[in-house]
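One file, start03.txt, carrying compact mmCIF, C-alpha atoms:
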# COMPACT_ATOMS: atom_id res chain seq x y z
CA MET A 49 14.00 19.36 11.47
CA ASN A 50 17.71 18.70 12.02
CA GLU A 51 18.09 15.82 9.57
CA ILE A 52 19.15 16.98 6.14
CA ARG A 53 20.20 13.65 4.65
CA ASN A 54 18.92 10.12 4.60
CA LEU A 55 15.31 11.01 5.37
CA LEU A 56 12.88 8.20 6.14
CA ILE A 57 9.39 9.47 5.34
CA GLY A 58 5.86 8.25 5.95
CA PHE A 59 3.05 9.86 3.95
CA GLU A 60 -0.65 9.17 4.57
CA LEU A 61 -2.77 9.94 1.52
CA ASN A 62 -6.51 9.90 2.09
CA ARG A 63 -9.57 11.09 0.22
CA ASP A 64 -10.11 14.10 2.46
CA SER A 65 -6.82 14.74 4.25
CA CYS A 66 -3.14 13.82 4.43
CA GLN A 67 -0.35 13.60 7.01
CA LEU A 68 3.42 13.52 6.87
CA SER A 69 6.01 12.09 9.28
CA TYR A 70 9.76 11.49 9.33
CA TYR A 71 11.96 9.26 11.47
CA GLU A 72 13.83 11.23 14.10
CA ARG A 73 16.92 9.16 14.94
CA ARG A 74 17.72 10.98 18.16
CA ALA A 75 14.21 10.32 19.48
CA GLY A 76 14.19 6.83 18.00
CA GLU A 77 10.65 7.20 16.64
CA PRO A 78 8.61 8.89 13.90
CA VAL A 79 7.74 12.55 14.33
CA SER A 80 4.71 14.18 12.71
CA VAL A 81 5.37 17.22 10.53
CA PRO A 82 3.11 20.21 11.33
CA VAL A 83 1.41 22.10 8.53
CA LYS A 84 2.59 25.32 10.19
CA VAL A 85 5.70 25.48 12.36
CA GLY A 86 4.90 25.83 16.03
CA THR A 87 1.34 24.49 15.75
CA ASN A 88 -0.35 21.17 16.51
CA LEU A 89 -2.01 21.05 13.10
CA TYR A 90 -0.73 17.93 11.35
CA THR A 91 -3.38 17.17 8.71
CA PHE A 92 -4.00 19.11 5.53
CA PRO A 93 -6.76 18.77 2.91
CA THR A 94 -6.21 16.65 -0.19
CA HIS A 95 -6.70 19.72 -2.38
CA LEU A 96 -4.72 21.25 -5.22
CA THR A 97 -5.22 24.63 -6.93
CA LYS A 98 -3.48 26.26 -9.89
CA ILE A 99 -3.26 30.01 -10.45
CA ALA A 100 -4.78 30.82 -13.85
CA GLY A 101 -2.22 31.66 -16.52
CA LYS A 102 0.73 30.80 -14.29
CA GLU A 103 2.65 27.66 -13.45
CA GLU A 104 1.90 28.31 -9.79
CA TRP A 105 0.36 25.59 -7.65
CA HIS A 106 -0.92 25.46 -4.07
CA PHE A 107 -1.90 22.46 -1.96
CA GLY A 108 -3.78 21.79 1.25
CA LEU A 109 -5.02 24.82 3.18
CA GLU A 110 -3.47 27.23 0.67
CA ALA A 111 -5.35 25.43 -2.12
CA ASP A 112 -8.61 26.15 -0.31
CA TYR A 113 -7.71 29.83 0.04
CA PHE A 114 -6.57 30.37 -3.55
CA GLY A 115 -9.34 28.16 -4.91
CA SER A 116 -11.90 30.64 -3.62
CA ARG A 117 -10.30 33.55 -5.46
CA ASP A 118 -11.13 34.61 -9.02
CA ASN A 119 -7.80 33.49 -10.48
CA GLY A 120 -7.71 30.15 -8.66
CA VAL A 121 -8.39 26.92 -10.59
CA PRO A 122 -9.02 24.05 -8.14
CA VAL A 123 -8.74 20.42 -9.23
CA PRO A 124 -12.02 18.77 -8.17
CA ASP A 125 -12.21 15.25 -6.68
CA LEU A 126 -8.43 15.11 -6.42
CA TYR A 127 -8.18 11.71 -4.73
CA ASP A 128 -10.38 10.14 -7.41
CA VAL A 129 -8.13 11.73 -10.04
CA PHE A 130 -5.08 10.16 -8.39
CA CYS A 131 -6.77 6.74 -8.53
CA GLY A 132 -7.80 7.03 -12.18
CA THR A 133 -6.22 6.88 -15.61
CA ALA A 134 -8.01 9.72 -17.42
CA ASP A 135 -6.33 13.04 -18.06
CA VAL A 136 -7.83 16.11 -16.40
CA GLU A 137 -8.17 19.60 -17.87
CA VAL A 138 -6.71 22.25 -15.58
CA ASP A 139 -6.54 25.88 -16.72
CA GLY A 140 -7.05 24.89 -20.35
CA ARG A 141 -4.36 22.17 -20.44
CA ARG A 142 -4.58 18.42 -20.08
CA LYS A 143 -2.78 16.92 -17.10
CA THR A 144 -2.22 13.24 -16.35
CA PRO A 145 -3.12 11.96 -12.87
CA ALA A 146 0.55 11.14 -12.28
CA ALA A 147 1.62 14.69 -13.17
CA LEU A 148 -0.89 16.18 -10.73
CA LEU A 149 0.16 13.70 -8.07
CA ALA A 150 3.79 14.69 -8.58
CA VAL A 151 2.91 18.35 -8.00
CA PHE A 152 0.92 17.50 -4.87
CA LEU A 153 3.65 15.27 -3.40
CA GLU A 154 6.42 17.75 -4.11
CA LYS A 155 4.49 20.56 -2.44
CA ALA A 156 3.54 18.40 0.55
CA LEU A 157 7.04 17.00 1.10
CA ALA A 158 8.36 20.57 1.23
CA LEU A 159 6.68 20.81 4.66
CA THR A 160 9.76 19.04 6.04
CA GLY A 161 11.66 22.29 5.57
CA VAL A 162 14.53 20.45 3.89
CA ARG A 163 15.95 22.06 0.78
CA ASP A 164 15.80 19.70 -2.20
CA VAL A 165 13.82 17.22 -0.10
CA ILE A 166 13.55 14.59 -2.85
CA ARG A 167 17.33 14.16 -2.97
CA ALA A 168 17.40 13.91 0.82
CA ILE A 169 14.84 11.07 0.96
CA SER A 170 16.29 7.64 1.59
CA HIS A 171 12.92 5.90 1.59
CA LEU A 172 9.31 7.05 1.21
CA THR A 173 6.30 4.96 2.21
CA VAL A 174 2.86 6.09 1.08
CA THR A 175 -0.15 4.61 2.86
CA THR A 176 -3.86 4.89 2.09
CA ARG A 177 -7.06 3.09 3.08
CA SER A 178 -7.11 0.77 0.07
CA LEU A 179 -5.04 0.42 -3.07
CA THR A 180 -6.02 0.27 -6.71
CA LYS A 181 -3.81 -0.42 -9.69
CA GLY A 182 -4.39 3.11 -10.98
CA LEU A 183 -3.27 4.72 -7.73
CA VAL A 184 -0.20 2.49 -7.41
CA ASP A 185 0.86 3.14 -11.02
CA ASN A 186 0.35 6.89 -10.64
CA LEU A 187 2.31 7.00 -7.39
CA ARG A 188 5.24 5.19 -8.95
CA THR A 189 5.21 7.37 -12.07
CA ALA A 190 4.92 10.55 -10.01
CA CYS A 191 7.77 9.66 -7.64
CA PHE A 192 10.01 8.59 -10.52
CA SER A 193 9.36 11.88 -12.32
CA LEU A 194 10.40 13.72 -9.15
CA GLY A 195 13.69 11.82 -9.07
CA LEU A 196 12.93 9.12 -6.50
CA SER A 197 14.20 5.68 -7.46
CA PRO A 198 11.66 2.81 -7.54
CA GLU A 199 13.61 1.02 -4.79
CA ALA A 200 13.10 4.02 -2.48
CA LEU A 201 9.28 3.87 -2.65
CA THR A 202 6.87 1.57 -0.81
CA VAL A 203 3.10 1.71 -1.23
CA GLN A 204 0.80 0.00 1.27
CA ASN A 205 -2.69 0.13 2.76
CA HIS A 206 -3.59 1.24 6.28
CA MET A 207 -3.68 -2.27 7.70
CA GLU A 208 -0.12 -2.99 6.60
CA SER A 209 0.93 0.30 8.21
CA PHE A 210 -0.79 -0.92 11.38
CA TYR A 211 1.29 -4.11 11.17
CA TYR A 212 4.58 -2.21 10.84
CA TYR A 213 3.61 0.13 13.66
CA VAL A 214 2.78 -2.69 16.08
CA TYR A 215 5.86 -4.81 15.43
CA SER A 216 8.22 -1.82 15.55
CA GLN A 217 7.31 -1.18 19.18
CA LYS A 218 9.04 -2.45 22.32
CA PRO A 219 8.95 -6.27 22.64
CA GLU A 220 6.66 -6.15 25.69
CA LEU A 221 3.93 -4.60 23.53
CA CYS A 222 4.02 -7.55 21.12
CA THR A 223 4.06 -10.54 23.47
CA ARG A 224 0.42 -11.26 22.65
CA ASP A 225 -2.01 -10.14 19.95
CA ALA A 226 -2.71 -6.49 19.08
CA ILE A 227 -6.14 -5.03 18.37
CA LEU A 228 -7.24 -1.83 16.63
CA TYR A 229 -10.56 -0.03 17.01
CA GLU A 230 -11.18 2.50 14.26
CA PHE A 231 -13.90 5.10 14.81
CA GLU A 232 -15.50 6.75 11.79
CA GLY A 233 -18.42 8.95 12.76
CA ASP A 234 -20.83 6.79 14.73
CA THR A 235 -19.34 3.50 13.46
CA VAL A 236 -16.55 1.57 15.14
CA SER A 237 -14.81 -1.33 13.41
CA CYS A 238 -12.27 -3.77 14.76
CA VAL A 239 -9.23 -5.60 13.35
CA SER A 240 -6.50 -7.53 15.14
CA LEU A 241 -3.08 -9.00 14.44
CA THR A 242 -2.09 -12.47 15.59
CA MET A 243 1.24 -14.20 15.05
CA ASP A 244 1.80 -17.90 14.39
CA ARG A 245 5.35 -18.62 15.51
CA THR A 246 5.20 -22.29 14.48
CA THR A 247 5.65 -21.39 10.81
CA ARG A 248 8.86 -20.31 9.06
CA PRO A 249 8.75 -17.44 8.54
CA ALA A 250 6.38 -16.60 11.38
CA SER A 251 3.06 -15.59 9.84
CA VAL A 252 1.07 -12.59 11.03
CA ARG A 253 -2.61 -12.68 10.12
CA LEU A 254 -5.09 -9.83 10.04
CA LEU A 255 -8.42 -10.79 11.59
CA ARG A 256 -11.51 -8.63 11.17
CA GLY A 257 -13.84 -8.41 14.14
CA GLY A 258 -16.80 -6.68 12.54
CA GLU A 259 -18.30 -3.29 13.30
CA THR A 260 -21.15 -1.71 15.21
CA GLN A 261 -23.08 1.54 15.35
CA LEU A 262 -22.67 3.77 18.39
CA PRO A 263 -25.40 6.06 19.75
CA ALA A 264 -24.73 9.79 20.01
CA GLU A 265 -25.50 10.18 23.73
CA LYS A 266 -22.28 9.91 25.75
CA TYR A 267 -23.30 7.32 28.37
CA ALA A 268 -25.03 5.08 25.82
CA ARG A 269 -22.06 5.44 23.46
CA ASP A 270 -19.67 4.32 26.19
CA GLU A 271 -21.85 1.32 27.07
CA ALA A 272 -22.22 0.28 23.43
CA PHE A 273 -18.47 0.39 22.82
CA LEU A 274 -17.84 -1.47 26.08
CA ALA A 275 -20.14 -4.28 24.95
CA PHE A 276 -18.51 -4.40 21.51
CA ALA A 277 -14.97 -4.47 22.91
CA GLY A 278 -15.90 -7.12 25.45
CA VAL A 279 -16.70 -9.61 22.68
CA GLN A 280 -13.09 -9.65 21.42
CA MET A 281 -11.42 -9.29 24.82
CA ASN A 282 -13.22 -12.30 26.25
CA ARG A 283 -12.06 -14.56 23.42
CA ARG A 284 -8.33 -13.81 23.13
CA LEU A 285 -5.39 -12.29 24.95
CA PHE A 286 -4.09 -8.90 23.85
CA SER A 287 -1.00 -7.02 24.96
CA SER A 288 -1.82 -3.75 23.16
CA VAL A 289 -4.96 -1.89 22.14
CA TYR A 290 -5.06 0.97 19.62
CA LEU A 291 -7.86 3.51 19.21
CA CYS A 292 -7.97 5.85 16.22
CA GLY A 293 -10.44 7.95 14.27
CA SER A 294 -12.34 11.17 14.84
CA GLY A 295 -15.29 9.34 16.37
CA PHE A 296 -13.36 8.49 19.55
CA ASP A 297 -13.06 10.89 22.47
CA VAL A 298 -11.85 10.12 25.98
CA THR A 299 -14.52 12.44 27.38
CA TRP A 300 -17.24 9.84 26.78
CA ALA A 301 -15.22 6.60 27.00
CA ASP A 302 -14.99 6.25 30.80
CA ARG A 303 -15.99 2.63 31.43
CA SER A 304 -14.80 1.30 28.07
CA THR A 305 -11.24 2.64 28.35
CA ALA A 306 -11.00 1.42 31.96
CA PHE A 307 -12.00 -2.04 30.73
CA LEU A 308 -9.46 -1.95 27.89
CA CYS A 309 -6.68 -1.15 30.37
CA GLN A 310 -7.38 -4.27 32.43
CA SER A 311 -5.14 -7.38 32.40
CA ARG A 312 -2.02 -5.23 31.90
CA ARG A 313 -3.05 -4.26 28.40
CA HIS A 314 -1.35 -1.17 26.96
CA VAL A 315 -3.86 1.25 25.40
CA PHE A 316 -2.96 3.99 22.91
CA SER A 317 -5.10 6.55 21.07
CA GLY A 318 -4.31 9.10 18.39
CA GLU A 319 -4.76 10.19 14.79
CA ASN A 320 -1.27 9.41 13.50
CA LEU A 321 -1.05 5.61 13.73
CA TYR A 322 -1.03 4.95 9.98
CA VAL A 323 1.40 7.71 9.03
CA ARG A 324 3.78 6.64 11.80
CA GLY A 325 3.41 3.03 10.72
CA ALA A 326 4.36 4.08 7.19
CA CYS A 327 7.44 5.78 8.61
CA TYR A 328 8.39 2.59 10.45
CA THR A 329 8.03 0.78 7.11
CA SER A 330 10.63 3.09 5.59
CA LEU A 331 12.93 2.40 8.54
CA GLU A 332 12.46 -1.36 8.19
CA LYS A 333 12.93 -1.41 4.41
CA GLN A 334 15.96 0.85 4.36
CA GLU A 335 17.86 0.12 7.56
CA THR A 336 16.75 -2.27 10.30
CA HIS A 337 15.36 -5.31 8.41
CA SER A 338 14.27 -6.63 11.80
CA LEU A 339 10.99 -8.14 10.54
CA LYS A 340 12.52 -10.41 7.89
CA GLY A 341 11.58 -13.43 9.98
CA GLN A 342 7.88 -12.53 9.66
CA LEU A 343 5.36 -12.67 6.83
CA TYR A 344 2.39 -10.33 7.00
CA MET A 345 -0.64 -12.11 5.55
CA GLY A 346 -2.54 -8.98 4.54
CA ASP A 347 -5.37 -8.37 2.10
CA ASP A 348 -2.97 -7.31 -0.69
CA LEU A 349 -0.83 -10.45 -0.47
CA VAL A 350 -0.61 -12.81 -3.46
CA ARG A 351 -1.33 -16.29 -2.10
CA THR A 352 -0.73 -18.37 -5.23
CA ASN A 353 2.49 -19.18 -7.07
CA LEU A 354 2.23 -18.97 -10.86
CA GLY A 355 4.82 -20.50 -13.16
CA MET A 356 5.55 -22.64 -16.24
CA GLU A 357 7.52 -25.74 -17.04
CA MET A 358 10.35 -24.74 -19.39
CA VAL A 359 13.71 -25.95 -20.63
CA VAL A 360 16.23 -23.50 -19.17
CA ARG A 361 19.81 -23.89 -20.43
CA GLY A 362 19.00 -27.40 -21.59
CA VAL A 363 17.49 -28.51 -18.28
CA PRO A 364 13.73 -29.04 -17.75
CA SER A 365 12.81 -26.62 -14.95
CA TYR A 366 9.95 -24.88 -13.24
CA TYR A 367 10.13 -21.21 -14.16
CA PRO A 368 8.43 -18.91 -11.61
CA LEU A 369 6.40 -15.98 -12.92
CA ILE A 370 4.51 -14.74 -9.85
CA SER A 371 5.67 -15.72 -6.37
CA ALA A 372 3.28 -15.91 -3.46
CA GLY A 373 4.13 -13.85 -0.39
CA ARG A 374 4.39 -10.49 -2.17
CA ASN A 375 1.86 -7.68 -2.48
CA TRP A 376 0.00 -7.88 -5.77
CA PHE A 377 1.19 -4.48 -7.02
CA ASP A 378 4.83 -5.55 -6.54
CA ALA A 379 4.42 -8.79 -8.50
CA ASP A 380 5.01 -8.80 -12.26
CA LYS A 381 7.24 -10.68 -14.68
CA TYR A 382 8.55 -10.30 -18.23
CA CYS A 383 10.38 -12.97 -20.18
CA GLU A 384 11.00 -14.22 -23.72
CA PHE A 385 11.10 -17.82 -24.88
CA ILE A 386 10.89 -20.08 -27.94
CA LEU A 387 8.01 -22.49 -28.52
CA ASP A 388 8.87 -26.19 -28.84
CA ASN A 389 6.24 -28.50 -30.37
CA THR A 390 3.24 -26.59 -29.01
CA ASP A 391 0.80 -23.88 -30.00
CA SER A 392 -0.41 -23.10 -26.49
CA LEU A 393 0.94 -22.20 -23.06
CA THR A 394 0.34 -24.09 -19.82
CA PHE A 395 0.58 -22.37 -16.44
CA SER A 396 0.96 -24.08 -13.07
CA LEU A 397 -0.91 -22.59 -10.10
CA ASN A 398 0.24 -23.60 -6.62
CA PRO A 399 -1.53 -21.91 -3.67
CA ILE A 400 0.58 -20.99 -0.66
CA SER A 401 -1.57 -23.36 1.40
CA GLY A 402 -0.29 -26.30 -0.67
CA ARG A 403 -3.83 -27.36 -1.58
CA ASP A 404 -5.83 -27.20 -4.82
CA LYS A 405 -2.92 -27.19 -7.23
CA ARG A 406 -4.02 -26.86 -10.85
CA GLN A 407 -2.97 -26.04 -14.39
CA CYS A 408 -4.44 -23.58 -16.89
CA ARG A 409 -4.00 -23.60 -20.63
CA MET A 410 -3.84 -20.50 -22.82
CA ASP A 411 -4.41 -21.05 -26.54
CA LEU A 412 -2.70 -18.88 -29.15
CA PRO A 413 -5.16 -18.76 -32.08
CA GLY A 414 -3.74 -17.59 -35.40
CA LEU A 415 -0.17 -18.48 -34.46
CA PRO A 416 1.89 -18.53 -37.70
CA ASN A 417 2.75 -21.97 -39.07
CA ARG A 418 6.55 -22.05 -38.79
CA PRO A 419 9.11 -24.82 -38.35
CA ASN A 420 9.57 -26.01 -34.79
CA ARG A 421 11.63 -23.75 -32.51
CA THR A 422 11.38 -20.75 -34.84
CA THR A 423 8.66 -18.85 -32.97
CA ARG A 424 9.84 -16.48 -30.26
CA LEU A 425 7.30 -15.01 -27.88
CA SER A 426 7.36 -12.38 -25.15
CA LEU A 427 5.34 -12.94 -22.01
CA ARG A 428 4.31 -10.36 -19.42
CA VAL A 429 2.33 -11.27 -16.33
CA SER A 430 0.99 -8.43 -14.21
CA MET A 431 -1.33 -8.59 -11.23
CA LEU A 432 -4.62 -6.68 -11.37
CA SER A 433 -5.60 -7.59 -7.80
CA PRO A 434 -4.44 -10.08 -5.15
CA THR A 435 -6.35 -12.86 -6.95
CA ARG A 436 -6.35 -11.89 -10.62
CA CYS A 437 -3.58 -11.43 -13.17
CA LEU A 438 -3.29 -10.29 -16.78
CA ILE A 439 -1.25 -12.44 -19.18
CA ARG A 440 -0.01 -10.74 -22.35
CA VAL A 441 1.78 -12.68 -25.06
CA GLU A 442 3.28 -11.15 -28.21
CA ASP A 443 4.77 -12.80 -31.30
CA LEU A 444 8.37 -11.62 -31.83
CA GLY A 445 9.09 -13.66 -34.95
CA PHE A 446 12.52 -15.25 -35.34
CA GLY A 447 15.29 -12.87 -36.32
CA GLY A 448 15.57 -12.17 -40.02
CA PHE A 449 14.08 -15.53 -40.96
CA TYR A 450 10.51 -14.97 -39.79
CA PRO A 451 9.38 -11.39 -39.07
CA PRO A 452 6.87 -10.74 -36.27
CA ALA A 453 3.25 -11.28 -37.30
CA GLY A 454 2.01 -8.44 -35.12
CA LEU A 455 -0.11 -10.80 -33.04
CA VAL A 456 -0.88 -10.17 -29.37
CA TRP A 457 -2.87 -12.47 -27.09
CA GLN A 458 -4.27 -11.36 -23.73
CA GLU A 459 -6.09 -13.30 -21.07
CA GLU A 460 -7.09 -12.67 -17.47
CA LEU A 461 -6.50 -15.53 -15.07
CA ASP A 462 -8.19 -16.02 -11.71
CA LEU A 463 -5.66 -17.27 -9.18
Starting from the coordinates I provided, produce the structure as structure tokens.
Amino acid sequence: MNEIRNLLIGFELNRDSCQLSYYERRAGEPVSVPVKVGTNLYTFPTHLTKIAGKEEWHFGLEADYFGSRDNGVPVPDLYDVFCGTADVEVDGRRKTPAALLAVFLEKALALTGVRDVIRAISHLTVTTRSLTKGLVDNLRTACFSLGLSPEALTVQNHMESFYYYVYSQKPELCTRDAILYEFEGDTVSCVSLTMDRTTRPASVRLLRGGETQLPAEKYARDEAFLAFAGVQMNRRLFSSVYLCGSGFDVTWADRSTAFLCQSRRHVFSGENLYVRGACYTSLEKQETHSLKGQLYMGDDLVRTNLGMEMVVRGVPSYYPLISAGRNWFDADKYCEFILDNTDSLTFSLNPISGRDKRQCRMDLPGLPNRPNRTTRLSLRVSMLSPTRCLIRVEDLGFGGFYPPAGLVWQEELDL
């Protein structure tokens, strides 16, 4: 790798395996990083092993090798550990999921061959099949502990990586919709991207086209996929088709791939779509900003605005807490305010569709009886999922006049 500064990295983290890519500016596209220089091996197992009695760690293929030796201490179910909150005992010591994730990331990123790779990273995007709050929190904590600023990290699921990959291609590949067929064993599933250019910003929706089982015999497998693909192709116009997953092989897909290539459709296959899409995300976030006129309406998007009516600097105003149009794990708010003639809080919920506006009230039982405008509260709103948030309110008292009562109120709200 010739780039030693300003690295734009994509990292695919899966239950069983991982991949790494970086943006090669001379080539103008992401490049996959091989596990061993000079080979075509780009995936490595999601495994981590510690050498007993030493602060020596190994990841991927080396973790498998050392884990089979007497002095190797493998970390079982590593991906589940990364998604959780419970500490794990490794070689007689307790380790947090974030600490183990930091070790794994640091070892994996060293595959770039860049000395002090963390300092060289301009932006890192981590992609995985689906996101949980535990995994997102652990990724952020791990990257921060390694020295990566929060602004230099993006976390997203595979479908959002698919979006960034598609709309980072040449314009002629995006004139119509894009469709993805993902093969996992004998199952093929289908998703597509469609853009509505009548909205501002232009909205890109993810549409799921179902899945089907494929027989093992080659001819029957080809015919089954051909029938499945024909359902989507006969309904809409597509400019690009993407095939990924270990269950696809050109050796059996004679008629189906010929059909997909009809009507001037561009067809691509490979195992690096998501990691390259993550790399394109880093490029977009850090440098190009060419997709600012688009809004990706993915599964992780918050679709409801949450706020309160407050008096801000003497003026009655709507105070936003959670804004629609952001991924749920990027949406949180902290503020402090003083109560005025009320012992409860009222939240306004306004869906992005503009329909079904409503208000929700949160009571504060046990609130100390103080003179008006002498109760200061803190409020933190954090999203637990795209449709559910946690509201935490704490009594802060009022300076030296009224000490805090130590009261905390929590409530989950369905958006």
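Distances from A:Leu291, A:Ala372, A:Leu262, A:Leu201 to Tyr344 in chain A were compared using all atoms listed in the file, and the smallest one belongs to A:Ala372.
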Name all residues at most 12 Å from Leu153 in chain A (count only C-alpha atoms; drop same-chain ones fewer than 5 positions away) and give them as a PyMOL selection string. chain A and resi 57-61+66-68+94-96+105-108+130+146-148+158-160+165-166+172+174+186-194+196
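If you look at CA of Tyr382 in chain A and CA of Asn353 in chain A, they are 15.5 Å away from each other.
Taking all atoms listed in the file into account, Phe210 in chain A lies nearest to A:Asn320 out of the set A:Asn320, A:Ser433, A:Gln342, A:Gln310.
Of note, CA of Cys238 in chain A and CA of Glu259 in chain A are spaced 6.2 Å apart.
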CA of Tyr127 in chain A to CA of Arg142 in chain A measures 17.1 Å
Given the choices A:Asp270, A:Glu77, A:Asp64, A:Asp135, which gets closest to Ser330 in chain A if the distance is worked out from all atoms listed in the file? A:Glu77
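Protein, DNA and RNA residues at most 9 Å from (-3.3, -6.5, 18.9), with only C-alpha atoms, are these: Val214, Leu221, Cys222, Arg224, Asp225, Ala226, Ile227, Leu228, Val239, Ser240, Leu241, Thr242, Leu285, Phe286, Ser287, Ser288, Val289 and Tyr290 of chain A.
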Quick one: everything within 7 Å of Phe395 in chain A, counting only C-alpha atoms, minus sequence neighbours fewer than 3 positions away in the same chain. Send it as an NGL selection string. :A and (354-356 or 407-409)
Can you pull out every residue within 8 Å of Phe231 in chain A, counting only C-alpha atoms, but drop anything in the same chain fewer than 2 positions away, and send it as a count of residues only? 12
Residue with smallest distance to Ser197 in chain A - pool A:Trp376, A:Lys340, A:Ser170, A:Gly402, counting only C-alpha atoms: A:Ser170
Do a neighbour search on Asp462 in chain A at 8 Å with all atoms listed in the file, toss out local chain neighbours closer than 6 positions, and write the hits as a list in words. Thr435, Arg436 and Cys437 of chain A
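With only C-alpha atoms as the atoms that count, the residue of A:Tyr215, A:Arg117, A:Glu103, A:Val315 with the shortest distance to Val151 in chain A is A:Glu103.
Each of A:Val298, A:Glu332, A:Asp164, A:Pro399 was compared to Leu463 in chain A using all atoms listed in the file, and A:Pro399 turns out to be the nearest.
For range 276-281 of chain A, the set of protein, DNA and RNA residues having any atom at most 8 Å away, when counting all atoms listed in the file and skipping those fewer than 4 positions along the same chain, is Gly257, Thr260, Ala272, Leu285, Phe286, Ser304 and Leu308 of chain A.
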Those same residues, written as a PDB file, keeping the file's coordinate frame with C-alpha atoms?
ATOM      1  CA  GLY A 257     -13.840  -8.410  14.140  1.00  0.00           C
ATOM      2  CA  THR A 260     -21.150  -1.710  15.210  1.00  0.00           C
ATOM      3  CA  ALA A 272     -22.220   0.280  23.430  1.00  0.00           C
ATOM      4  CA  LEU A 285      -5.390 -12.290  24.950  1.00  0.00           C
ATOM      5  CA  PHE A 286      -4.090  -8.900  23.850  1.00  0.00           C
ATOM      6  CA  SER A 304     -14.800   1.300  28.070  1.00  0.00           C
ATOM      7  CA  LEU A 308      -9.460  -1.950  27.890  1.00  0.00           C
TER       8      LEU A 308
END
Build an axis-aligned box that encloses every atom of range 286-298 of chain A listed in the file, pad it by 6 Å on each side, and report its centre and edge lengths in Å to one decimal, as AutoDock Vina command-line options.
--center_x -8.1 --center_y 1.1 --center_z 20.1 --size_x 26.3 --size_y 32.1 --size_z 23.7
